[in-house]
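Worksheet: the structure to be examined is printed underneath.
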Amino acid sequence: MKLDPPRVNPPSLVDLDDATGDDLARGTDCQRIEGATVAGLRVGAADFRESELVDVRISGSELRDCRFLDVRFERLDAPDLGAPASTWRDCEIVESRIGSIGLFDAKIGSVRFAHCKIGYLGLQGAAVADVSFEECTIEELELSEGSLTRARFPGTTIADLRLTGARLSHTDLREARLGLVSPVSALRGATVSSSQLIDLAPAFAAQLGIRVD
């Protein structure tokens with residue numbers, strides 16, 4: 001089967017107006033926010049459109065049902081951030097440090113992560129398509145009951161990949177460094193390298209009840 005690569009479009013950012021962290025409570029529209037610190041933000045069903053956030057710190061905040069369309073985050077510092085049931089399209093998150101981000105039941109399409117350090121990425125029940133993780137470090141990636149279509153992970157380390165009930169299609173893991181994968185049977189629909197298959201062999205054997213002596 002031909003492996004289709006992700007179709008990722010860069011955000012469209014033209015003629016941005018300067019804004020402050022206070023504007024985040026209302027969403028953004030063609031705005032640029034730099035150097036802001038925001039804590040305890042609670043936003044529901046707001047739109048973030050054609051905007052850029054640079055050197056912004058967001059902690060203890062939840063952006064439920066929000067839409068992120070053509071948004072670029074650069075050097076985002078997010079110790080704990082929730083965006084359940086959110087929508088992401090044509091976005092970039094680069095050179096960022098994220099302690100924990102909960103994107104439960106989100107709809108994510110055409111998103112690029114590059115040079116990010118992520119402690120916990122929660123995608124339970126999320127529909128994820130056309131994503132690229134480039135040179136990232138992810139301690140725990142939780143995709144239980146979610147779907148992942150047309151994804152690639154060049155140079156990315158995933159220490160703990162959780163896939164219970166997940167559905168994968170055109171998911172290219174060949175350039176990723178994988179740690180624990182559970183369950184390995186959920187890798188159906190993914191492509192791995194021969195060396196990765198050797199590393200995963202003990203887990204496959206254990207699941208099938210094969211004793212290797």
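Scheme for the structure tokens: letters A, B, ... for chains in order shown; per-chain residue numbers from 1; ligand numbers from 1 in order shown.
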- Message: Report as a PyMOL selection string all protein, DNA and RNA residues lying within 7 Å of range 166-181 of chain A, evaluated on only C-alpha atoms, omitting residues in the same chain fewer than 2 positions from it.
- Response: chain A and resi 3-4+143-164+183-184+186-193
- Query: Please, which residues of range 53-192 of chain A, numbered as in this document, come out strand (DSSP E) from DSSP, as a VMD selection string?
  - Reply: chain A and resid 53 to 54 57 to 59 61 to 64 67 to 74 77 to 78 81 to 82 87 to 94 97 to 102 107 to 114 117 to 122 127 to 134 137 to 142 147 to 152 157 to 162 167 to 172 177 to 182 190 to 191
- Message: Would you pick out the contacts of Thr87 in chain A at 8 Å or less, using only C-alpha atoms, so that residues sharing its chain but fewer than 4 positions from it are not included, and give the list as a PyMOL selection string?
- Response: chain A and resi 65-69+106-108
Based on the selection just made, write C-alpha atoms of those residues as a PDB file, in the first residue's frame.
ATOM      1  CA  ASP A  65     -14.493  24.265  22.133  1.00  0.00           C
ATOM      2  CA  CYS A  66     -12.158  26.893  20.686  1.00  0.00           C
ATOM      3  CA  ARG A  67     -11.073  27.050  17.054  1.00  0.00           C
ATOM      4  CA  PHE A  68      -7.456  27.641  16.056  1.00  0.00           C
ATOM      5  CA  LEU A  69      -7.256  28.513  12.359  1.00  0.00           C
ATOM      6  CA  ALA A 106     -10.371  17.551  19.383  1.00  0.00           C
ATOM      7  CA  LYS A 107     -10.414  17.801  15.593  1.00  0.00           C
ATOM      8  CA  ILE A 108      -6.903  18.379  14.330  1.00  0.00           C
TER       9      ILE A 108
END
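Computed from the coordinates, the CA of Gly44 in chain A to CA of Ala78 in chain A distance equals 18.3 Å.
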- Message: So that I can see what lies close to Pro202 in chain A, please list as a VMD selection string the residues with an atom at most 12 Å from it, counting only C-alpha atoms and leaving out residues fewer than 5 positions away in the same chain.
- Response: chain A and resid 180 to 181 184 196 to 197 207 to 213
